[in-house]
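Source file: coords_8.pdb; contents: PDB, N, CA and C atoms.
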```pdb
ATOM      1  N   MET Y 960     187.755 129.350  12.825
ATOM      2  CA  MET Y 960     186.756 129.530  13.874
ATOM      3  C   MET Y 960     187.377 130.313  15.037
ATOM      4  N   ALA Y 961     186.664 131.291  15.537
ATOM      5  CA  ALA Y 961     187.157 132.126  16.637
ATOM      6  C   ALA Y 961     187.142 131.349  17.943
ATOM      7  N   LYS Y 962     188.173 131.591  18.734
ATOM      8  CA  LYS Y 962     188.231 130.953  20.046
ATOM      9  C   LYS Y 962     187.269 131.646  20.985
ATOM     10  N   LYS Y 963     186.621 130.859  21.809
ATOM     11  CA  LYS Y 963     185.761 131.429  22.849
ATOM     12  C   LYS Y 963     186.623 131.642  24.097
ATOM     13  N   THR Y 964     186.325 132.700  24.798
ATOM     14  CA  THR Y 964     187.029 132.976  26.039
ATOM     15  C   THR Y 964     186.015 133.127  27.159
ATOM     16  N   ARG Y 965     186.499 132.969  28.359
ATOM     17  CA  ARG Y 965     185.626 133.157  29.517
ATOM     18  C   ARG Y 965     186.445 133.693  30.674
ATOM     19  N   ILE Y 966     185.754 134.352  31.565
ATOM     20  CA  ILE Y 966     186.391 134.872  32.767
ATOM     21  C   ILE Y 966     186.157 133.877  33.892
ATOM     22  N   THR Y 967     187.230 133.456  34.519
ATOM     23  CA  THR Y 967     187.123 132.574  35.681
ATOM     24  C   THR Y 967     187.558 133.378  36.909
ATOM     25  N   ASN Y 968     187.265 132.839  38.079
ATOM     26  CA  ASN Y 968     187.628 133.565  39.296
ATOM     27  C   ASN Y 968     187.862 132.615  40.457
ATOM     28  N   SER Y 969     188.461 133.167  41.497
ATOM     29  CA  SER Y 969     188.749 132.400  42.713
ATOM     30  C   SER Y 969     187.980 132.957  43.910
ATOM     31  N   ILE Y 970     186.828 133.556  43.647
ATOM     32  CA  ILE Y 970     186.066 134.203  44.725
ATOM     33  C   ILE Y 970     185.639 133.206  45.793
ATOM     34  N   ARG Y 971     185.151 132.058  45.383
ATOM     35  CA  ARG Y 971     184.690 131.063  46.363
ATOM     36  C   ARG Y 971     185.825 130.678  47.320
ATOM     37  N   THR Y 972     187.002 130.423  46.769
ATOM     38  CA  THR Y 972     188.162 130.071  47.596
ATOM     39  C   THR Y 972     188.539 131.216  48.518
ATOM     40  N   LEU Y 973     188.558 132.424  47.981
ATOM     41  CA  LEU Y 973     188.913 133.584  48.802
ATOM     42  C   LEU Y 973     187.902 133.814  49.921
ATOM     43  N   ARG Y 974     186.633 133.587  49.637
ATOM     44  CA  ARG Y 974     185.615 133.716  50.699
ATOM     45  C   ARG Y 974     185.877 132.697  51.801
ATOM     46  N   PHE Y 975     186.199 131.481  51.403
ATOM     47  CA  PHE Y 975     186.472 130.431  52.387
ATOM     48  C   PHE Y 975     187.672 130.811  53.253
ATOM     49  N   LEU Y 976     188.708 131.333  52.627
ATOM     50  CA  LEU Y 976     189.920 131.712  53.354
ATOM     51  C   LEU Y 976     189.715 132.953  54.224
ATOM     52  N   ALA Y 977     188.673 133.716  53.944
ATOM     53  CA  ALA Y 977     188.353 134.917  54.727
ATOM     54  C   ALA Y 977     187.319 134.558  55.789
ATOM     55  N   ASN Y 978     187.681 133.616  56.637
ATOM     56  CA  ASN Y 978     186.807 133.178  57.730
ATOM     57  C   ASN Y 978     185.445 132.707  57.240
ATOM     58  N   GLU Y 979     185.453 132.006  56.089
ATOM     59  CA  GLU Y 979     184.233 131.456  55.509
ATOM     60  C   GLU Y 979     183.160 132.524  55.311
ATOM     61  N   MET Y 980     183.588 133.646  54.716
ATOM     62  CA  MET Y 980     182.670 134.737  54.385
ATOM     63  C   MET Y 980     181.533 134.191  53.513
ATOM     64  N   THR Y 981     180.327 134.617  53.793
ATOM     65  CA  THR Y 981     179.192 134.169  52.991
ATOM     66  C   THR Y 981     179.076 135.029  51.724
ATOM     67  N   GLN Y 982     178.323 134.520  50.782
ATOM     68  CA  GLN Y 982     178.043 135.311  49.583
ATOM     69  C   GLN Y 982     177.326 136.596  49.966
ATOM     70  N   GLN Y 983     176.424 136.511  50.920
ATOM     71  CA  GLN Y 983     175.676 137.699  51.351
ATOM     72  C   GLN Y 983     176.602 138.735  51.966
ATOM     73  N   GLN Y 984     177.553 138.302  52.786
ATOM     74  CA  GLN Y 984     178.488 139.238  53.398
ATOM     75  C   GLN Y 984     179.312 139.962  52.328
ATOM     76  N   LEU Y 985     179.792 139.211  51.341
ATOM     77  CA  LEU Y 985     180.551 139.838  50.256
ATOM     78  C   LEU Y 985     179.661 140.791  49.469
ATOM     79  N   ALA Y 986     178.448 140.354  49.161
ATOM     80  CA  ALA Y 986     177.509 141.194  48.415
ATOM     81  C   ALA Y 986     177.255 142.509  49.150
ATOM     82  N   ASP Y 987     177.068 142.441  50.460
ATOM     83  CA  ASP Y 987     176.832 143.647  51.255
ATOM     84  C   ASP Y 987     178.025 144.602  51.184
ATOM     85  N   GLN Y 988     179.227 144.045  51.193
ATOM     86  CA  GLN Y 988     180.430 144.880  51.172
ATOM     87  C   GLN Y 988     180.663 145.564  49.831
ATOM     88  N   VAL Y 989     180.216 144.927  48.747
ATOM     89  CA  VAL Y 989     180.456 145.509  47.423
ATOM     90  C   VAL Y 989     179.214 146.144  46.812
ATOM     91  N   GLY Y 990     178.081 146.056  47.496
ATOM     92  CA  GLY Y 990     176.880 146.755  47.059
ATOM     93  C   GLY Y 990     176.088 146.089  45.947
ATOM     94  N   VAL Y 991     176.070 144.759  45.938
ATOM     95  CA  VAL Y 991     175.260 144.017  44.965
ATOM     96  C   VAL Y 991     174.435 142.973  45.714
ATOM     97  N   THR Y 992     173.632 142.216  44.983
ATOM     98  CA  THR Y 992     172.838 141.170  45.620
ATOM     99  C   THR Y 992     173.650 139.881  45.752
ATOM    100  N   ARG Y 993     173.191 139.021  46.629
ATOM    101  CA  ARG Y 993     173.820 137.709  46.782
ATOM    102  C   ARG Y 993     173.768 136.947  45.463
ATOM    103  N   GLN Y 994     172.665 137.101  44.736
ATOM    104  CA  GLN Y 994     172.505 136.404  43.464
ATOM    105  C   GLN Y 994     173.559 136.848  42.447
ATOM    106  N   THR Y 995     173.949 138.118  42.505
ATOM    107  CA  THR Y 995     175.009 138.602  41.608
ATOM    108  C   THR Y 995     176.329 137.929  41.939
ATOM    109  N   ILE Y 996     176.651 137.826  43.227
ATOM    110  CA  ILE Y 996     177.889 137.156  43.637
ATOM    111  C   ILE Y 996     177.856 135.700  43.192
ATOM    112  N   LEU Y 997     176.726 135.032  43.377
ATOM    113  CA  LEU Y 997     176.576 133.636  42.946
ATOM    114  C   LEU Y 997     176.828 133.512  41.443
ATOM    115  N   ALA Y 998     176.227 134.396  40.661
ATOM    116  CA  ALA Y 998     176.383 134.348  39.204
ATOM    117  C   ALA Y 998     177.830 134.599  38.790
ATOM    118  N   VAL Y 999     178.503 135.537  39.448
ATOM    119  CA  VAL Y 999     179.909 135.805  39.131
ATOM    120  C   VAL Y 999     180.760 134.589  39.485
ATOM    121  N   GLU Y1000     180.572 134.041  40.680
ATOM    122  CA  GLU Y1000     181.337 132.859  41.104
ATOM    123  C   GLU Y1000     181.183 131.706  40.129
ATOM    124  N   ASN Y1001     179.979 131.506  39.621
ATOM    125  CA  ASN Y1001     179.695 130.376  38.738
ATOM    126  C   ASN Y1001     179.989 130.659  37.276
ATOM    127  N   GLY Y1002     180.520 131.840  36.980
ATOM    128  CA  GLY Y1002     180.865 132.177  35.610
ATOM    129  C   GLY Y1002     179.675 132.464  34.720
ATOM    130  N   LYS Y1003     178.527 132.723  35.318
ATOM    131  CA  LYS Y1003     177.314 133.031  34.558
ATOM    132  C   LYS Y1003     177.197 134.521  34.249
ATOM    133  N   TYR Y1004     178.000 135.338  34.930
ATOM    134  CA  TYR Y1004     177.931 136.782  34.780
ATOM    135  C   TYR Y1004     179.339 137.349  34.895
ATOM    136  N   SER Y1005     179.726 138.168  33.932
ATOM    137  CA  SER Y1005     181.028 138.841  33.996
ATOM    138  C   SER Y1005     180.835 140.169  34.719
ATOM    139  N   PRO Y1006     181.583 140.377  35.788
ATOM    140  CA  PRO Y1006     181.385 141.606  36.557
ATOM    141  C   PRO Y1006     181.865 142.838  35.800
ATOM    142  N   SER Y1007     181.279 143.974  36.125
ATOM    143  CA  SER Y1007     181.779 145.241  35.602
ATOM    144  C   SER Y1007     183.163 145.479  36.203
ATOM    145  N   LEU Y1008     183.904 146.402  35.609
ATOM    146  CA  LEU Y1008     185.207 146.746  36.186
ATOM    147  C   LEU Y1008     185.043 147.275  37.602
ATOM    148  N   GLU Y1009     184.008 148.068  37.812
ATOM    149  CA  GLU Y1009     183.763 148.627  39.144
ATOM    150  C   GLU Y1009     183.553 147.513  40.167
ATOM    151  N   LEU Y1010     182.733 146.527  39.820
ATOM    152  CA  LEU Y1010     182.489 145.414  40.739
ATOM    153  C   LEU Y1010     183.742 144.572  40.929
ATOM    154  N   ALA Y1011     184.469 144.327  39.855
ATOM    155  CA  ALA Y1011     185.697 143.530  39.967
ATOM    156  C   ALA Y1011     186.700 144.209  40.898
ATOM    157  N   PHE Y1012     186.873 145.520  40.753
ATOM    158  CA  PHE Y1012     187.781 146.247  41.637
ATOM    159  C   PHE Y1012     187.285 146.244  43.080
ATOM    160  N   ALA Y1013     185.982 146.351  43.272
ATOM    161  CA  ALA Y1013     185.422 146.330  44.632
ATOM    162  C   ALA Y1013     185.680 144.982  45.296
ATOM    163  N   ILE Y1014     185.502 143.905  44.546
ATOM    164  CA  ILE Y1014     185.763 142.568  45.092
ATOM    165  C   ILE Y1014     187.245 142.428  45.424
ATOM    166  N   ALA Y1015     188.109 142.881  44.534
ATOM    167  CA  ALA Y1015     189.553 142.815  44.774
ATOM    168  C   ALA Y1015     189.930 143.589  46.036
ATOM    169  N   LYS Y1016     189.289 144.730  46.239
ATOM    170  CA  LYS Y1016     189.573 145.549  47.425
ATOM    171  C   LYS Y1016     189.165 144.830  48.706
ATOM    172  N   VAL Y1017     188.023 144.149  48.687
ATOM    173  CA  VAL Y1017     187.572 143.405  49.871
ATOM    174  C   VAL Y1017     188.618 142.376  50.289
ATOM    175  N   PHE Y1018     189.181 141.684  49.307
ATOM    176  CA  PHE Y1018     190.155 140.628  49.606
ATOM    177  C   PHE Y1018     191.592 141.128  49.629
ATOM    178  N   ASP Y1019     191.784 142.425  49.368
ATOM    179  CA  ASP Y1019     193.114 143.037  49.349
ATOM    180  C   ASP Y1019     194.060 142.280  48.416
ATOM    181  N   LYS Y1020     193.557 142.026  47.199
ATOM    182  CA  LYS Y1020     194.319 141.298  46.184
ATOM    183  C   LYS Y1020     194.250 142.069  44.878
ATOM    184  N   PRO Y1021     195.267 141.930  44.020
ATOM    185  CA  PRO Y1021     195.163 142.528  42.688
ATOM    186  C   PRO Y1021     194.149 141.757  41.839
ATOM    187  N   LEU Y1022     193.561 142.425  40.870
ATOM    188  CA  LEU Y1022     192.543 141.797  40.020
ATOM    189  C   LEU Y1022     192.998 140.462  39.449
ATOM    190  N   GLU Y1023     194.247 140.396  38.971
ATOM    191  CA  GLU Y1023     194.713 139.182  38.313
ATOM    192  C   GLU Y1023     194.874 137.989  39.254
ATOM    193  N   GLU Y1024     194.826 138.214  40.551
ATOM    194  CA  GLU Y1024     194.831 137.096  41.493
ATOM    195  C   GLU Y1024     193.424 136.575  41.752
ATOM    196  N   ILE Y1025     192.424 137.314  41.331
ATOM    197  CA  ILE Y1025     191.030 136.911  41.535
ATOM    198  C   ILE Y1025     190.379 136.486  40.227
ATOM    199  N   PHE Y1026     190.629 137.242  39.173
ATOM    200  CA  PHE Y1026     189.997 136.977  37.884
ATOM    201  C   PHE Y1026     191.031 136.603  36.834
ATOM    202  N   SER Y1027     190.669 135.693  35.950
ATOM    203  CA  SER Y1027     191.537 135.379  34.825
ATOM    204  C   SER Y1027     190.678 135.210  33.581
ATOM    205  N   TYR Y1028     191.272 135.477  32.455
ATOM    206  CA  TYR Y1028     190.607 135.454  31.158
ATOM    207  C   TYR Y1028     191.208 134.288  30.398
ATOM    208  N   GLU Y1029     190.429 133.258  30.132
ATOM    209  CA  GLU Y1029     190.959 132.023  29.566
ATOM    210  C   GLU Y1029     190.255 131.637  28.274
ATOM    211  N   ASP Y1030     191.002 130.996  27.386
ATOM    212  CA  ASP Y1030     190.420 130.405  26.184
ATOM    213  C   ASP Y1030     189.734 129.104  26.574
ATOM    214  N   GLU Y1031     188.599 128.843  25.947
ATOM    215  CA  GLU Y1031     187.890 127.578  26.220
ATOM    216  C   GLU Y1031     188.393 126.501  25.305
TER     217      GLU Y1031
END
```
Now, as a test, write the supplied structure out as structure tokens.
Amino acid sequence: MAKKTRITNSIRTLRFLANEMTQQQLADQVGVTRQTILAVENGKYSPSLELAFAIAKVFDKPLEEIFSYEDE
């Protein structure tokens, strides 16, 4: 049986550490809707590479400090 994998992230924590940035503020900075940020944070939506890099740029972190690819 094939292993399932999922992308996890630390966006919620990073938003909190960035002066409690709201989902809307992050969404505005990366050019998506608040609902997209919510879905990414909750693991319901895997971001495109473009969106992942944009989020990493906002927090000035490398991708691997924000996103990880894990076996379930």
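For Thr992 (chain Y), the residues within 7 Å (counting only N, CA and C atoms, excluding itself and residues fewer than 5 positions away along the chain) are Gln982, Gln983, Ala986, Asp987 and Leu997 of chain Y.
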### Residues returned when the PyMOL selection byres (((chain Y and resi 1029 and name CA) around 6) and name CA) runs on this file, as an NGL selection string
:Y and (964-965 or 1028 or 1030)
Would you save the residues from that selection as a compact mmCIF listing (two decimals), in the coordinates of the input, using N, CA and C atoms?
```
# COMPACT_ATOMS: atom_id res chain seq x y z
N THR Y 964 186.32 132.70 24.80
CA THR Y 964 187.03 132.98 26.04
C THR Y 964 186.02 133.13 27.16
N ARG Y 965 186.50 132.97 28.36
CA ARG Y 965 185.63 133.16 29.52
C ARG Y 965 186.44 133.69 30.67
N TYR Y 1028 191.27 135.48 32.46
CA TYR Y 1028 190.61 135.45 31.16
C TYR Y 1028 191.21 134.29 30.40
N ASP Y 1030 191.00 131.00 27.39
CA ASP Y 1030 190.42 130.40 26.18
C ASP Y 1030 189.73 129.10 26.57
```
Could you state which residues are captured by the PyMOL selection byres (((chain Y and resi 972 and name CA) around 12) and name CA) in this file, as a PDB file with N, CA and C atoms, in the frame of the given file?
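Result file follows (expr.pdb):
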```pdb
ATOM      1  N   ASN Y 968     187.265 132.839  38.079  1.00  0.00           N
ATOM      2  CA  ASN Y 968     187.628 133.565  39.296  1.00  0.00           C
ATOM      3  C   ASN Y 968     187.862 132.615  40.457  1.00  0.00           C
ATOM      4  N   SER Y 969     188.461 133.167  41.497  1.00  0.00           N
ATOM      5  CA  SER Y 969     188.749 132.400  42.713  1.00  0.00           C
ATOM      6  C   SER Y 969     187.980 132.957  43.910  1.00  0.00           C
ATOM      7  N   ILE Y 970     186.828 133.556  43.647  1.00  0.00           N
ATOM      8  CA  ILE Y 970     186.066 134.203  44.725  1.00  0.00           C
ATOM      9  C   ILE Y 970     185.639 133.206  45.793  1.00  0.00           C
ATOM     10  N   ARG Y 971     185.151 132.058  45.383  1.00  0.00           N
ATOM     11  CA  ARG Y 971     184.690 131.063  46.363  1.00  0.00           C
ATOM     12  C   ARG Y 971     185.825 130.678  47.320  1.00  0.00           C
ATOM     13  N   LEU Y 973     188.558 132.424  47.981  1.00  0.00           N
ATOM     14  CA  LEU Y 973     188.913 133.584  48.802  1.00  0.00           C
ATOM     15  C   LEU Y 973     187.902 133.814  49.921  1.00  0.00           C
ATOM     16  N   ARG Y 974     186.633 133.587  49.637  1.00  0.00           N
ATOM     17  CA  ARG Y 974     185.615 133.716  50.699  1.00  0.00           C
ATOM     18  C   ARG Y 974     185.877 132.697  51.801  1.00  0.00           C
ATOM     19  N   PHE Y 975     186.199 131.481  51.403  1.00  0.00           N
ATOM     20  CA  PHE Y 975     186.472 130.431  52.387  1.00  0.00           C
ATOM     21  C   PHE Y 975     187.672 130.811  53.253  1.00  0.00           C
ATOM     22  N   LEU Y 976     188.708 131.333  52.627  1.00  0.00           N
ATOM     23  CA  LEU Y 976     189.920 131.712  53.354  1.00  0.00           C
ATOM     24  C   LEU Y 976     189.715 132.953  54.224  1.00  0.00           C
ATOM     25  N   ALA Y 977     188.673 133.716  53.944  1.00  0.00           N
ATOM     26  CA  ALA Y 977     188.353 134.917  54.727  1.00  0.00           C
ATOM     27  C   ALA Y 977     187.319 134.558  55.789  1.00  0.00           C
ATOM     28  N   ASN Y 978     187.681 133.616  56.637  1.00  0.00           N
ATOM     29  CA  ASN Y 978     186.807 133.178  57.730  1.00  0.00           C
ATOM     30  C   ASN Y 978     185.445 132.707  57.240  1.00  0.00           C
ATOM     31  N   GLU Y 979     185.453 132.006  56.089  1.00  0.00           N
ATOM     32  CA  GLU Y 979     184.233 131.456  55.509  1.00  0.00           C
ATOM     33  C   GLU Y 979     183.160 132.524  55.311  1.00  0.00           C
ATOM     34  N   MET Y 980     183.588 133.646  54.716  1.00  0.00           N
ATOM     35  CA  MET Y 980     182.670 134.737  54.385  1.00  0.00           C
ATOM     36  C   MET Y 980     181.533 134.191  53.513  1.00  0.00           C
ATOM     37  N   THR Y 981     180.327 134.617  53.793  1.00  0.00           N
ATOM     38  CA  THR Y 981     179.192 134.169  52.991  1.00  0.00           C
ATOM     39  C   THR Y 981     179.076 135.029  51.724  1.00  0.00           C
ATOM     40  N   GLN Y 982     178.323 134.520  50.782  1.00  0.00           N
ATOM     41  CA  GLN Y 982     178.043 135.311  49.583  1.00  0.00           C
ATOM     42  C   GLN Y 982     177.326 136.596  49.966  1.00  0.00           C
ATOM     43  N   GLU Y1000     180.572 134.041  40.680  1.00  0.00           N
ATOM     44  CA  GLU Y1000     181.337 132.859  41.104  1.00  0.00           C
ATOM     45  C   GLU Y1000     181.183 131.706  40.129  1.00  0.00           C
ATOM     46  N   PHE Y1018     189.181 141.684  49.307  1.00  0.00           N
ATOM     47  CA  PHE Y1018     190.155 140.628  49.606  1.00  0.00           C
ATOM     48  C   PHE Y1018     191.592 141.128  49.629  1.00  0.00           C
ATOM     49  N   GLU Y1024     194.826 138.214  40.551  1.00  0.00           N
ATOM     50  CA  GLU Y1024     194.831 137.096  41.493  1.00  0.00           C
ATOM     51  C   GLU Y1024     193.424 136.575  41.752  1.00  0.00           C
ATOM     52  N   ILE Y1025     192.424 137.314  41.331  1.00  0.00           N
ATOM     53  CA  ILE Y1025     191.030 136.911  41.535  1.00  0.00           C
ATOM     54  C   ILE Y1025     190.379 136.486  40.227  1.00  0.00           C
TER      55      ILE Y1025
END
```
### Message
To test your reading of the structure, identify every residue in chain Y that backbone DSSP assigns to helix (DSSP H, G or I), and report it as a PyMOL selection string.
### Response
chain Y and resi 970-976+982-989+993-1000+1008-1018+1022-1025
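Rounded to one decimal, atom C of Ser1027 (chain Y) and atom C of Glu1009 (chain Y) lie 15.7 Å from each other.
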### Message
Between CA of Gln994 (chain Y) and CA of Lys963 (chain Y), what is the distance in Å, rounded to a tenth?
### Response
25.0 Å
